[in-house]
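*Asks:* One file: target-v9.tsv (TSV, C-alpha atoms).
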```
chain	number	residue	atom	x	y	z
P	849	THR	CA	2.08	6.08	45.50
P	850	GLN	CA	0.02	2.95	45.03
P	851	ASP	CA	-3.23	4.94	45.22
P	852	GLU	CA	-2.24	7.23	42.36
P	853	THR	CA	-1.10	4.23	40.30
P	854	SER	CA	-4.51	2.61	40.74
P	855	GLU	CA	-6.25	5.74	39.47
P	856	LEU	CA	-4.15	5.85	36.31
P	857	GLU	CA	-4.55	2.12	35.70
P	858	LYS	CA	-8.34	2.48	35.72
P	859	ALA	CA	-8.11	5.39	33.27
P	860	LEU	CA	-5.93	3.38	30.86
P	861	ARG	CA	-8.21	0.35	30.98
P	862	LYS	CA	-11.14	2.61	30.17
P	863	MET	CA	-9.38	4.14	27.13
P	864	LEU	CA	-7.68	1.04	25.66
P	865	GLN	CA	-9.50	-1.92	24.13
P	866	ALA	CA	-8.65	-5.13	25.98
P	867	ALA	CA	-7.43	-6.79	22.77
P	868	TRP	CA	-4.74	-4.14	22.33
P	869	TYR	CA	-2.55	-4.99	25.31
P	870	LYS	CA	-1.30	-7.49	27.83
P	871	TYR	CA	-1.13	-6.36	31.45
P	872	ARG	CA	1.31	-7.32	34.18
P	873	GLY	CA	0.69	-6.07	37.69
P	874	ALA	CA	3.21	-4.70	40.16
P	875	GLY	CA	4.95	-6.73	42.84
P	876	SER	CA	8.29	-8.45	43.59
P	877	GLY	CA	10.29	-5.59	42.13
P	878	LYS	CA	8.11	-5.35	39.03
P	879	VAL	CA	6.07	-2.36	37.94
P	880	SER	CA	2.57	-2.18	36.48
P	881	THR	CA	3.03	-2.57	32.72
P	882	PHE	CA	0.74	-2.42	29.71
P	883	THR	CA	2.49	-4.10	26.72
P	884	LEU	CA	0.88	-3.11	23.43
P	885	LEU	CA	0.66	-5.35	20.34
P	886	HIS	CA	3.44	-3.47	18.49
P	887	GLY	CA	5.84	-3.87	21.42
P	888	GLY	CA	5.48	-0.46	22.99
P	889	GLN	CA	4.99	-0.32	26.75
P	890	ILE	CA	3.19	1.90	29.23
P	891	LEU	CA	4.80	1.80	32.67
P	892	LEU	CA	3.13	3.05	35.84
P	893	LEU	CA	6.03	4.04	38.09
P	894	SER	CA	6.13	5.39	41.61
P	895	GLY	CA	7.92	8.70	42.09
P	896	PHE	CA	8.71	7.96	45.72
P	897	LYS	CA	12.35	7.36	44.77
P	898	PRO	CA	13.14	9.89	42.01
P	899	ALA	CA	16.32	8.10	40.89
P	900	GLY	CA	14.25	5.01	40.01
P	901	LEU	CA	12.36	6.90	37.30
P	902	ARG	CA	15.28	6.94	34.88
P	903	ARG	CA	15.10	3.69	32.94
P	904	GLY	CA	16.67	4.35	29.55
P	905	ARG	CA	14.70	5.55	26.55
P	906	VAL	CA	11.38	7.29	27.16
P	907	ASP	CA	9.21	8.81	24.43
P	908	LEU	CA	6.27	10.23	26.35
P	909	VAL	CA	5.90	11.01	30.05
P	910	LEU	CA	2.91	12.05	32.13
P	911	TYR	CA	4.18	13.36	35.47
P	912	ASN	CA	0.87	13.12	37.30
P	913	GLU	CA	-0.06	15.24	40.34
P	914	GLY	CA	3.18	17.17	39.92
P	915	GLN	CA	2.49	19.36	42.95
P	916	ASN	CA	2.89	16.26	45.15
P	917	MET	CA	6.05	15.08	43.38
P	918	SER	CA	9.65	16.25	43.67
P	919	LYS	CA	11.48	18.28	41.08
P	920	ALA	CA	14.24	15.64	41.21
P	921	GLY	CA	11.86	13.12	39.64
P	922	TYR	CA	10.96	15.54	36.86
P	923	VAL	CA	14.65	16.14	36.13
P	924	GLN	CA	15.25	12.39	35.76
P	925	LEU	CA	12.40	12.06	33.26
P	926	ARG	CA	13.21	15.27	31.40
P	927	ALA	CA	16.71	13.99	30.65
P	928	ALA	CA	15.41	10.58	29.54
P	929	ILE	CA	13.46	11.95	26.54
P	930	ALA	CA	16.62	13.30	24.92
P	931	ASP	CA	17.28	10.13	22.86
P	932	TYR	CA	14.41	10.70	20.46
P	933	GLY	CA	13.14	14.16	21.40
P	934	GLY	CA	10.15	13.00	23.42
P	935	LEU	CA	7.68	14.99	25.47
P	936	VAL	CA	7.05	15.45	29.21
P	937	LEU	CA	3.57	16.48	30.34
P	938	ILE	CA	3.12	17.74	33.90
P	939	ALA	CA	-0.42	17.61	35.24
P	940	ALA	CA	-0.69	19.59	38.46
P	941	ASN	CA	-2.93	21.58	40.71
P	942	PRO	CA	-1.51	24.69	42.40
P	943	PRO	CA	0.74	23.43	45.22
P	944	SER	CA	-0.17	23.77	48.88
P	945	ALA	CA	2.99	22.17	50.37
P	946	PRO	CA	6.68	23.08	50.02
P	947	ILE	CA	7.46	19.97	47.91
P	948	GLY	CA	5.40	21.49	45.10
P	949	ARG	CA	6.89	24.98	45.11
P	950	TRP	CA	8.91	24.05	42.01
P	951	ILE	CA	5.62	23.82	40.06
P	952	GLU	CA	5.04	27.54	40.66
P	953	GLU	CA	8.60	28.37	39.61
P	954	HIS	CA	8.36	26.15	36.54
P	955	GLN	CA	5.10	27.76	35.46
P	956	GLU	CA	6.54	31.25	35.97
P	957	GLY	CA	9.63	30.31	33.95
P	958	ILE	CA	7.46	29.23	31.03
P	959	VAL	CA	5.39	32.44	31.15
P	960	GLU	CA	8.59	34.51	31.20
P	961	LYS	CA	10.02	32.40	28.32
P	962	LYS	CA	13.00	31.32	30.42
P	963	ILE	CA	11.96	27.66	30.23
P	964	ASP	CA	11.31	25.81	26.98
P	965	GLY	CA	7.69	24.77	27.42
P	966	ILE	CA	4.02	25.61	27.01
P	967	GLN	CA	1.59	26.06	29.88
P	968	PHE	CA	-2.18	25.66	29.81
P	969	GLU	CA	-4.43	26.86	32.61
P	970	PHE	CA	-7.88	25.38	33.00
P	971	ASN	CA	-10.77	27.05	34.79
P	972	PRO	CA	-12.93	24.40	36.50
P	973	GLU	CA	-15.95	26.65	35.98
P	974	ASP	CA	-15.62	25.91	32.25
P	975	ASN	CA	-15.84	22.15	32.87
P	976	PRO	CA	-19.17	20.85	31.46
P	977	TRP	CA	-18.90	17.54	33.35
P	978	ILE	CA	-19.15	18.91	36.89
P	979	GLU	CA	-21.92	20.46	38.95
P	980	LEU	CA	-21.00	24.14	39.32
P	981	ASP	CA	-23.37	24.66	42.25
P	982	ALA	CA	-21.51	22.02	44.24
P	983	LEU	CA	-18.23	23.74	43.36
P	984	HIS	CA	-19.39	27.21	44.33
P	985	SER	CA	-20.95	26.02	47.58
P	986	MET	CA	-17.46	25.28	48.88
P	987	ALA	CA	-16.86	29.04	49.18
P	988	ALA	CA	-18.79	28.98	52.45
P	989	GLU	CA	-16.72	26.09	53.81
P	990	VAL	CA	-13.09	27.07	53.17
P	991	ASP	CA	-10.99	30.24	53.34
P	992	GLU	CA	-10.33	32.38	50.26
P	993	VAL	CA	-6.77	31.12	49.67
P	994	THR	CA	-7.84	27.46	49.86
P	995	TYR	CA	-10.83	28.11	47.59
P	996	ASP	CA	-8.67	29.86	45.00
P	997	ARG	CA	-6.01	27.15	45.05
P	998	ASP	CA	-7.97	23.91	45.44
P	999	VAL	CA	-11.26	24.80	43.78
P	1000	LEU	CA	-10.52	27.43	41.13
P	1001	GLY	CA	-7.01	26.18	40.38
P	1002	LEU	CA	-5.35	29.57	40.94
P	1003	PHE	CA	-1.70	29.74	41.94
P	1004	ARG	CA	-1.45	31.22	45.43
P	1005	PRO	CA	1.92	31.38	47.24
P	1006	ILE	CA	2.60	28.86	49.98
P	1007	GLY	CA	2.82	30.33	53.49
P	1008	ASP	CA	2.01	33.68	55.08
P	1009	MET	CA	2.61	36.30	52.39
P	1010	VAL	CA	2.69	40.07	52.83
P	1011	PHE	CA	0.65	40.82	49.71
P	1012	HIS	CA	-2.01	38.18	50.18
P	1013	ALA	CA	-4.19	39.90	47.55
P	1014	TRP	CA	-1.71	39.13	44.76
P	1015	GLN	CA	-2.97	36.64	42.18
P	1016	ASP	CA	-0.92	35.71	39.10
P	1017	ARG	CA	-3.80	35.37	36.69
P	1018	ALA	CA	-5.48	38.62	37.73
P	1019	SER	CA	-2.56	40.83	38.82
P	1020	ARG	CA	-0.04	40.22	36.05
P	1021	ARG	CA	-1.33	41.52	32.74
P	1022	ALA	CA	-0.52	43.93	29.93
P	1023	VAL	CA	-2.17	47.35	29.77
P	1024	PRO	CA	-5.21	47.06	27.46
P	1025	LYS	CA	-4.71	49.26	24.42
P	1026	GLU	CA	-8.09	50.95	24.85
P	1027	PHE	CA	-7.31	52.19	28.38
P	1028	ILE	CA	-6.81	55.95	28.77
P	1029	ASP	CA	-3.47	57.19	30.14
P	1030	ILE	CA	-4.26	59.66	32.95
P	1031	THR	CA	-0.80	59.74	34.56
P	1032	ALA	CA	-0.30	63.46	33.89
P	1033	GLU	CA	-3.71	64.30	35.36
P	1034	VAL	CA	-3.22	62.23	38.53
P	1035	THR	CA	0.33	63.43	39.17
P	1036	HIS	CA	-0.75	67.05	38.74
P	1037	ASP	CA	-3.45	66.58	41.37
P	1038	VAL	CA	-1.19	64.80	43.89
P	1039	LEU	CA	2.33	66.13	43.21
P	1040	GLY	CA	1.39	69.58	41.86
P	1041	ARG	CA	3.00	68.98	38.47
P	1042	PRO	CA	2.14	66.67	35.54
P	1043	PHE	CA	4.51	63.79	34.81
P	1044	PRO	CA	4.18	60.98	32.26
P	1045	PHE	CA	5.86	58.54	34.67
P	1046	VAL	CA	6.16	58.00	38.41
P	1047	VAL	CA	9.29	56.30	39.74
P	1048	GLY	CA	9.42	54.67	43.15
P	1049	MET	CA	12.94	54.29	44.56
P	1050	ASP	CA	14.50	52.47	47.49
P	1051	PHE	CA	18.16	52.96	48.38
P	1052	GLN	CA	20.23	50.10	49.73
P	1053	GLN	CA	23.64	49.41	48.30
P	1054	THR	CA	23.45	45.78	49.40
P	1055	PRO	CA	21.73	43.75	48.11
P	1056	HIS	CA	20.46	46.23	45.52
P	1057	MET	CA	19.08	49.62	44.62
P	1058	ALA	CA	15.53	49.25	43.35
P	1059	ALA	CA	13.24	51.37	41.18
P	1060	ALA	CA	9.71	50.74	39.91
P	1061	ILE	CA	8.14	52.70	37.03
P	1062	LEU	CA	4.40	53.36	37.45
P	1063	LYS	CA	1.61	54.79	35.31
P	1064	PHE	CA	-2.09	55.46	35.86
P	1065	PHE	CA	-4.98	54.56	33.57
P	1066	ARG	CA	-8.75	54.65	33.31
P	1067	ASP	CA	-11.02	52.07	31.72
P	1068	PRO	CA	-13.26	53.97	29.25
P	1069	LEU	CA	-16.05	51.41	29.79
P	1070	ASP	CA	-16.01	51.68	33.58
P	1071	ASP	CA	-18.56	54.20	34.87
P	1072	THR	CA	-16.84	54.39	38.27
P	1073	LYS	CA	-13.87	56.22	36.69
P	1074	ASP	CA	-11.52	54.37	39.05
P	1075	VAL	CA	-7.80	55.10	38.78
P	1076	LEU	CA	-5.92	51.96	37.76
P	1077	THR	CA	-2.21	51.64	38.56
P	1078	TRP	CA	0.29	49.70	36.46
P	1079	VAL	CA	3.91	48.87	37.21
P	1080	VAL	CA	5.32	49.10	33.68
P	1081	GLY	CA	9.05	49.05	34.43
P	1082	GLU	CA	11.62	47.81	36.91
P	1083	VAL	CA	15.28	48.53	37.54
P	1084	ILE	CA	17.37	46.46	39.95
P	1085	ALA	CA	21.01	47.53	40.39
P	1086	ALA	CA	22.92	45.03	42.55
P	1087	ASN	CA	25.64	46.34	44.89
P	1088	ALA	CA	25.26	49.77	43.35
P	1089	ASN	CA	25.12	53.44	44.31
P	1090	GLU	CA	22.69	56.19	43.24
P	1091	ASP	CA	24.73	57.03	40.14
P	1092	GLU	CA	24.59	53.45	38.92
P	1093	LEU	CA	20.86	53.27	39.64
P	1094	VAL	CA	20.28	56.40	37.53
P	1095	ASN	CA	22.41	54.97	34.73
P	1096	ALA	CA	20.27	51.82	34.72
P	1097	ILE	CA	17.00	53.80	34.69
P	1098	GLU	CA	18.16	55.99	31.82
P	1099	CYS	CA	19.06	52.89	29.80
P	1100	ALA	CA	16.09	50.69	30.74
P	1101	ASP	CA	13.54	49.37	28.25
P	1102	ARG	CA	10.93	52.11	27.93
P	1103	TRP	CA	7.23	51.30	28.11
P	1104	THR	CA	4.99	52.66	25.33
P	1105	PRO	CA	1.37	51.81	24.44
P	1106	SER	CA	2.60	49.83	21.44
P	1107	GLY	CA	5.32	47.94	23.31
P	1108	TYR	CA	8.70	48.35	25.00
P	1109	ILE	CA	11.56	50.21	23.28
P	1110	GLU	CA	14.80	48.49	24.17
P	1111	GLY	CA	17.31	50.72	25.95
P	1112	ALA	CA	15.35	53.96	25.36
P	1113	GLY	CA	15.20	54.66	29.10
P	1114	TYR	CA	13.45	57.31	31.16
P	1115	ILE	CA	14.35	61.02	31.29
P	1116	ALA	CA	14.75	62.91	34.57
P	1117	ASP	CA	12.34	65.78	33.87
P	1118	GLU	CA	9.50	63.45	32.83
P	1119	CYS	CA	9.61	61.47	36.08
P	1120	GLY	CA	8.12	62.30	39.45
P	1121	VAL	CA	10.19	60.33	41.97
P	1122	VAL	CA	8.56	59.13	45.19
P	1123	MET	CA	11.45	57.74	47.19
P	1124	ASP	CA	12.59	56.42	50.53
P	1125	ALA	CA	12.38	59.31	52.97
P	1126	SER	CA	15.71	58.29	54.52
P	1127	GLY	CA	17.32	59.47	51.27
P	1128	TRP	CA	17.18	63.03	52.60
P	1129	PHE	CA	19.57	62.28	55.49
P	1130	GLN	CA	21.71	59.38	54.17
P	1131	ASP	CA	22.67	57.63	50.95
P	1132	GLY	CA	22.40	53.97	49.98
P	1133	GLU	CA	25.85	53.25	51.43
P	1134	HIS	CA	24.83	54.96	54.71
P	1135	THR	CA	27.80	57.28	54.36
P	1136	ARG	CA	27.88	60.21	56.81
P	1137	GLY	CA	27.46	63.57	55.10
P	1138	ARG	CA	26.17	62.14	51.79
P	1139	THR	CA	22.51	61.86	50.87
P	1140	SER	CA	20.56	60.16	48.10
P	1141	ASP	CA	18.55	63.27	47.22
P	1142	LEU	CA	21.69	65.31	46.48
P	1143	ALA	CA	23.16	62.45	44.44
P	1144	LEU	CA	20.01	62.33	42.30
P	1145	LYS	CA	19.83	66.12	41.89
P	1146	ALA	CA	23.44	66.15	40.73
P	1147	ARG	CA	22.29	63.94	37.84
P	1148	GLY	CA	19.35	66.22	36.99
P	1149	TRP	CA	16.70	64.19	38.85
P	1150	ARG	CA	15.18	67.11	40.71
P	1151	TRP	CA	11.48	66.23	41.09
P	1152	LEU	CA	11.75	64.29	44.33
P	1153	PHE	CA	8.89	63.58	46.72
P	1154	LYS	CA	8.51	61.80	50.05
P	1155	PRO	CA	6.01	58.97	50.60
P	1156	GLN	CA	4.06	61.16	53.03
P	1157	LYS	CA	3.20	64.70	51.98
P	1158	ASP	CA	3.33	66.17	55.49
P	1159	SER	CA	6.05	64.08	57.06
P	1160	ASP	CA	9.79	63.62	56.73
P	1161	LYS	CA	9.43	59.98	57.82
P	1162	ASN	CA	8.45	56.90	55.87
P	1163	PRO	CA	4.92	55.71	56.53
P	1164	ASP	CA	4.53	52.75	58.86
P	1165	ILE	CA	5.31	49.57	56.94
P	1166	ILE	CA	2.03	47.94	57.93
P	1167	GLU	CA	0.12	50.93	56.57
P	1168	ARG	CA	2.07	50.76	53.31
P	1169	VAL	CA	1.25	47.07	52.99
P	1170	LYS	CA	-2.43	47.78	53.62
P	1171	SER	CA	-2.38	50.35	50.81
P	1172	GLY	CA	-0.75	47.84	48.46
P	1173	ASN	CA	-3.21	45.05	49.28
P	1174	SER	CA	-6.20	47.36	48.92
P	1175	ARG	CA	-4.98	48.39	45.46
P	1176	LEU	CA	-4.42	44.75	44.47
P	1177	LYS	CA	-7.92	43.79	45.58
P	1178	THR	CA	-10.61	45.57	47.55
P	1179	LYS	CA	-13.21	43.91	49.75
P	1180	ASP	CA	-15.77	43.98	46.93
P	1181	GLY	CA	-13.36	42.11	44.66
P	1182	ARG	CA	-12.24	45.00	42.44
P	1183	ARG	CA	-8.58	45.20	41.40
P	1184	HIS	CA	-6.81	48.51	40.85
P	1185	MET	CA	-3.11	47.61	40.62
P	1186	PHE	CA	-1.38	45.43	38.05
P	1187	VAL	CA	2.10	44.51	36.83
P	1188	THR	CA	2.99	43.99	33.18
P	1189	PRO	CA	4.29	40.51	32.25
P	1190	GLU	CA	7.71	42.01	31.48
P	1191	CYS	CA	8.28	43.12	35.09
P	1192	ALA	CA	9.23	39.69	36.40
P	1193	VAL	CA	11.19	40.85	39.47
P	1194	VAL	CA	8.40	43.10	40.73
P	1195	ALA	CA	5.81	40.38	40.17
P	1196	ARG	CA	7.90	37.79	41.99
P	1197	SER	CA	8.60	40.20	44.86
P	1198	LEU	CA	4.94	41.12	45.39
P	1199	LYS	CA	4.06	37.44	45.24
P	1200	TYR	CA	6.70	35.99	47.56
P	1201	TRP	CA	7.54	38.64	50.18
P	1202	GLU	CA	6.82	36.75	53.39
P	1203	ASN	CA	5.65	37.62	56.87
P	1204	ARG	CA	7.62	36.34	59.83
P	1205	ASN	CA	6.17	36.53	63.32
P	1206	GLY	CA	3.25	38.42	61.85
P	1207	VAL	CA	5.24	41.26	60.22
P	1208	PRO	CA	6.91	41.74	56.82
P	1209	TYR	CA	10.37	40.17	56.85
P	1210	ARG	CA	12.81	43.02	56.30
P	1211	ARG	CA	15.76	40.80	55.36
P	1212	SER	CA	13.86	39.14	52.56
P	1213	GLU	CA	15.34	39.43	49.07
P	1214	PHE	CA	11.97	40.86	47.99
P	1215	ALA	CA	11.61	43.61	50.62
P	1216	HIS	CA	13.40	46.49	48.85
P	1217	VAL	CA	11.63	45.97	45.51
P	1218	CYS	CA	8.29	46.00	47.33
P	1219	ASP	CA	9.38	49.21	49.11
P	1220	ALA	CA	10.05	50.86	45.74
P	1221	VAL	CA	6.52	49.94	44.63
P	1222	THR	CA	4.67	50.88	47.80
P	1223	TYR	CA	6.28	54.29	48.45
P	1224	PRO	CA	4.43	55.86	45.47
P	1225	ILE	CA	1.33	53.74	46.12
P	1226	TYR	CA	1.11	55.20	49.62
P	1227	ARG	CA	1.76	58.77	48.42
P	1228	PHE	CA	-1.08	58.56	45.88
P	1229	PHE	CA	-3.58	56.25	47.61
P	1230	GLY	CA	-2.58	55.88	51.27
P	1231	ARG	CA	-4.72	57.17	54.06
P	1232	PRO	CA	-2.49	58.77	56.69
P	1233	LYS	CA	-3.80	58.73	60.21
P	1234	ILE	CA	-5.45	62.02	61.15
P	1235	LYS	CA	-3.17	63.96	63.45
P	1236	GLN	CA	-5.14	65.26	66.40
P	1237	ALA	CA	-4.06	68.42	68.18
P	1238	PRO	CA	-2.77	67.68	71.67
P	1239	ALA	CA	-5.29	68.35	74.41
P	1240	THR	CA	-4.84	71.64	76.30
P	1241	TYR	CA	-5.80	72.25	79.89
P	1242	SER	CA	-6.48	75.52	81.73
P	1243	ARG	CA	-6.37	76.02	85.44
P	1244	ILE	CA	-9.92	75.67	86.85
P	1245	LYS	CA	-11.05	76.85	90.27
P	1246	PRO	CA	-11.99	73.83	92.41
P	1247	PHE	CA	-15.72	73.26	92.93
P	1248	THR	CA	-16.51	73.93	96.63
P	1249	ARG	CA	-19.30	73.05	99.03
P	1250	GLY	CA	-20.31	76.71	98.99
P	1251	ASP	CA	-20.72	76.66	95.18
P	1252	GLN	CA	-22.98	73.63	95.49
P	1253	MET	CA	-25.17	75.33	98.10
P	1254	ARG	CA	-25.50	78.48	95.98
P	1255	ARG	CA	-26.67	76.37	93.00
P	1256	LEU	CA	-29.30	74.75	95.14
```
Produce C-alpha cells that represent the structure in this file.
*Replies:*
Amino acid sequence: TQDETSELEKALRKMLQAAWYKYRGAGSGKVSTFTLLHGGQILLLSGFKPAGLRRGRVDLVLYNEGQNMSKAGYVQLRAAIADYGGLVLIAANPPSAPIGRWIEEHQEGIVEKKIDGIQFEFNPEDNPWIELDALHSMAAEVDEVTYDRDVLGLFRPIGDMVFHAWQDRASRRAVPKEFIDITAEVTHDVLGRPFPFVVGMDFQQTPHMAAAILKFFRDPLDDTKDVLTWVVGEVIAANANEDELVNAIECADRWTPSGYIEGAGYIADECGVVMDASGWFQDGEHTRGRTSDLALKARGWRWLFKPQKDSDKNPDIIERVKSGNSRLKTKDGRRHMFVTPECAVVARSLKYWENRNGVPYRRSEFAHVCDAVTYPIYRFFGRPKIKQAPATYSRIKPFTRGDQMRRL
C-alpha cells in the first residue's frame, strides 16, 4: 500500500546519504526508485497485485509486513532471486487475519527443517529503544491472545482454537537434560504398575490411527515438585488397522535422554496404553464382533487402560479439553505439558484443532491426534465429576392437625 511505501521511503532516506542516489517518485505507472551511483536500484513496490512483483533479476528482497501480504507475492519474489542466488527477507508480526496464515506455516516449516531458511524471533521486551512500562500497561487493555500476538510477538493461531493455552515458543521444546525421569513412579501410582512409557491411542481407520508417546519428568530446581508431561513420540498410520498401528509403533524413532534412535521403536511390555474406551466394544474399522483391545493383546500389547478408571465410557470431550488446557497453562501461568520439536504432527494438531459452534470440531484432521494425547492426560490428571448416590425416600406419615395440637 502507499502508506507502507512511505514508511520505507523515510527509512531509506534516513540511512542513505543524499549524494549517493537519485530518487524518482511513483506515479503514471512508475514506482518509487532510488538509483545508486554504481547503477544499482532500490524499488519500492506494492504487493497489492502479486504478479506485478516479478520484474526480472532481483538480488535482495525485503518482503515487509509479511503477515499482511499474500503468499503469492512471496512466491513471485522467491523465484526471481534464482538468477544470482539472492536473498529474501520476510519481516512480519504474528498474523491476526487469514491472509497471513502462510507466515505461521512458513515459520513452522523452517523450524522443522522442511523449508530452506533461517528464522529469528525477537522479544520486544529486549528492545532498549522502547518504554517497557508503556508496553506492559497494554495488558490491562487487551485480551491475552491479542497481547501475546500484537505486543509480545508470539505466534497464536487465528480463530477459535480448542487448545487456546498452546504457545509455540513455550509449549514446543526439548526435554532439558537435567530433568529427572519419574515416569515409572507416576505410572505405578496411577496405573498400579511402573512403565517407562505411556502410549495414548485413538482408533479410526479413516483418516488415521493415532498414537502419542508420553513421559513424565520433574525439574530438580523446582521446589513444588510438579509433574511435567512431555509428548516425546508420535505415530500416525493412515487408512490402517490396529496391526499396522502396532507395526508403526514398534518401528518408530525411540526417544532417549541423549536423542532419538531411528527405528528402535517401543516394546509392548514397557508401555502402559491409555486408549479410546470404544476399543473394548469395536475396532477401528467398526467391524461387528472385532475389538481393538483383542487386536492389541494378540500382538502382546496387554497393559491396556481406559481414560476413566471407574468408567467404561470416554470422558466428556469438554472435560478432556479442560484437562489438556490446564496442563498447557494454569491460571497462575505455570506450564506442565510440552511437546518435543520432533513431534510435528502432535504440535500442529494441538495448535490448530478448531472449535465450531463453541465445541471441538470432530471432523477436523487434528481431532484424532488430540484424542490420543488427551486420553492419557485425563487418566493421569483429569478430575472426574464426583458421583453422588441417588437420593432415597422412605414413606413418612403425614403431619396432621392433631400432631400440631399435641406439640403445642
*Asks:* Leaving out Met917 in chain P and any residue of its chain fewer than 5 positions from it, which residues lie within 9 Å of it when counting only C-alpha atoms, given as a list in words?
*Replies:*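 Answer for this query is Gly895, Phe896, Pro898, Tyr911, Asn912, Tyr922, Ile947 and Gly948 of chain P.
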*Asks:* Excluding range 1206-1211 of chain P and its own-chain neighbours fewer than 3 positions away, which residues fall within 9 Å of it when counting all atoms listed in the file? Please give them as a VMD selection string.
*Replies:* chain P and resid 1008 to 1010 1165 to 1166 1169 1201 to 1203 1214 to 1216
*Asks:* Closest to Pro946 in chain P among P:Ser918, P:His1184, P:Thr1054, P:Val1221, using only C-alpha atoms?
*Replies:*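 Closest to Pro946 in chain P of all the choices is P:Ser918.
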*Asks:* I'd like the interatomic distance between CA of Val959 in chain P and CA of Pro1068 in chain P, to a tenth of an Å.
*Replies:*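 Separation of CA of Val959 in chain P and CA of Pro1068 in chain P: 28.5 Å.
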*Asks:* Which residues come within 8 Å of Arg1020 in chain P, counting only C-alpha atoms, excluding same-chain residues fewer than 4 positions away, as number ranges by chain?
*Replies:* P: 1015-1016, 1186-1189, 1195
*Asks:* Which residues are near Leu935 in chain P? Cut-off 7 Å, all atoms listed in the file, ignore same chain within fewer than 4 positions. Put them as a list in words.
*Replies:*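 Surrounding residues, per the criterion: Asp907, Leu908, Val909 and Ile929 of chain P.
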*Asks:* For CA of Gln865 in chain P and CA of Leu884 in chain P, quote the distance in Å rounded to one decimal.
*Replies:*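 Calculated distance between CA of Gln865 in chain P and CA of Leu884 in chain P is 10.5 Å.
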*Asks:* Name all residues at most 7 Å from Trp1103 in chain P (count all atoms listed in the file; drop same-chain ones fewer than 3 positions away) and give them as a ChimeraX atom specification.
*Replies:* /P:1080-1081,1107-1109
*Asks:* Would you compute the distance between CA of Gln1156 in chain P and CA of Asp1117 in chain P? Give it in Å to one decimal.
*Replies:*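 It comes out at 21.4 Å.
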*Asks:* Point out the residue among P:Thr1077, P:Thr1139, P:Thr1072, P:Thr1035 with the least atom-to-atom distance to Ser1174 in chain P, counting only C-alpha atoms.
*Replies:*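 For Ser1174 in chain P, the nearest of the given residues is P:Thr1077.
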*Asks:* Given the choices P:Ala1192, P:Pro1105, P:Lys1154, P:Arg997, which gets closest to Glu1082 in chain P if the distance is worked out from only C-alpha atoms?
*Replies:*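 Answer, going by the shortest atom-to-atom distance: P:Ala1192.
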*Asks:* For Glu1092 in chain P, which residue among P:Ala859, P:Met1057, P:Val1122, P:Leu925 is the nearest when counting only C-alpha atoms?
*Replies:*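 Result for the nearest residue to Glu1092 in chain P: P:Met1057.
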*Asks:* Using only C-alpha atoms for the distances, tell me which of P:Ala939, P:Ala1086, P:Leu1142, P:Ala1096 is nearest to Glu1213 in chain P.
*Replies:*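 Closest to Glu1213 in chain P of all the choices is P:Ala1086.
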*Asks:* Could you check which of P:Leu901, P:Ile1028, P:Val1023, P:Leu1093 is closest to Ser1106 in chain P, using all atoms listed in the file?
*Replies:*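 Among P:Leu901, P:Ile1028, P:Val1023, P:Leu1093, it is P:Val1023 that comes nearest to Ser1106 in chain P.
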*Asks:* When you write range 1106-1117 of chain P out from the block above, keep N, CA and C atoms and present the result as an mmCIF file, in the first residue's frame, please.
*Replies:*
```cif
data_model
loop_
_atom_site.group_PDB
_atom_site.id
_atom_site.type_symbol
_atom_site.label_atom_id
_atom_site.label_comp_id
_atom_site.auth_asym_id
_atom_site.auth_seq_id
_atom_site.Cartn_x
_atom_site.Cartn_y
_atom_site.Cartn_z
ATOM 1 N N SER P 1106 19.517 -38.803 25.420
ATOM 2 C CA SER P 1106 20.599 -38.275 24.583
ATOM 3 C C SER P 1106 20.188 -38.077 23.130
ATOM 4 N N GLY P 1107 18.909 -38.335 22.819
ATOM 5 C CA GLY P 1107 18.438 -38.147 21.452
ATOM 6 C C GLY P 1107 17.605 -39.322 20.976
ATOM 7 N N TYR P 1108 17.042 -39.194 19.784
ATOM 8 C CA TYR P 1108 16.193 -40.248 19.221
ATOM 9 C C TYR P 1108 17.051 -41.310 18.535
ATOM 10 N N ILE P 1109 16.635 -42.577 18.695
ATOM 11 C CA ILE P 1109 17.287 -43.690 17.994
ATOM 12 C C ILE P 1109 16.371 -44.107 16.853
ATOM 13 N N GLU P 1110 16.832 -43.925 15.650
ATOM 14 C CA GLU P 1110 15.997 -44.161 14.478
ATOM 15 C C GLU P 1110 15.563 -45.616 14.377
ATOM 16 N N GLY P 1111 14.238 -45.825 14.288
ATOM 17 C CA GLY P 1111 13.679 -47.150 14.053
ATOM 18 C C GLY P 1111 13.745 -48.113 15.220
ATOM 19 N N ALA P 1112 14.210 -47.663 16.403
ATOM 20 C CA ALA P 1112 14.357 -48.588 17.541
ATOM 21 C C ALA P 1112 13.007 -48.992 18.114
ATOM 22 N N GLY P 1113 12.011 -48.125 18.029
ATOM 23 C CA GLY P 1113 10.654 -48.470 18.414
ATOM 24 C C GLY P 1113 10.420 -48.620 19.906
ATOM 25 N N TYR P 1114 9.165 -48.996 20.220
ATOM 26 C CA TYR P 1114 8.734 -49.166 21.602
ATOM 27 C C TYR P 1114 8.203 -50.581 21.775
ATOM 28 N N ILE P 1115 8.522 -51.189 22.931
ATOM 29 C CA ILE P 1115 8.206 -52.590 23.209
ATOM 30 C C ILE P 1115 6.919 -52.675 24.026
ATOM 31 N N ALA P 1116 6.101 -53.676 23.731
ATOM 32 C CA ALA P 1116 4.782 -53.795 24.350
ATOM 33 C C ALA P 1116 4.828 -53.759 25.873
ATOM 34 N N ASP P 1117 5.691 -54.562 26.491
ATOM 35 C CA ASP P 1117 5.676 -54.693 27.948
ATOM 36 C C ASP P 1117 6.216 -53.476 28.676
#
```
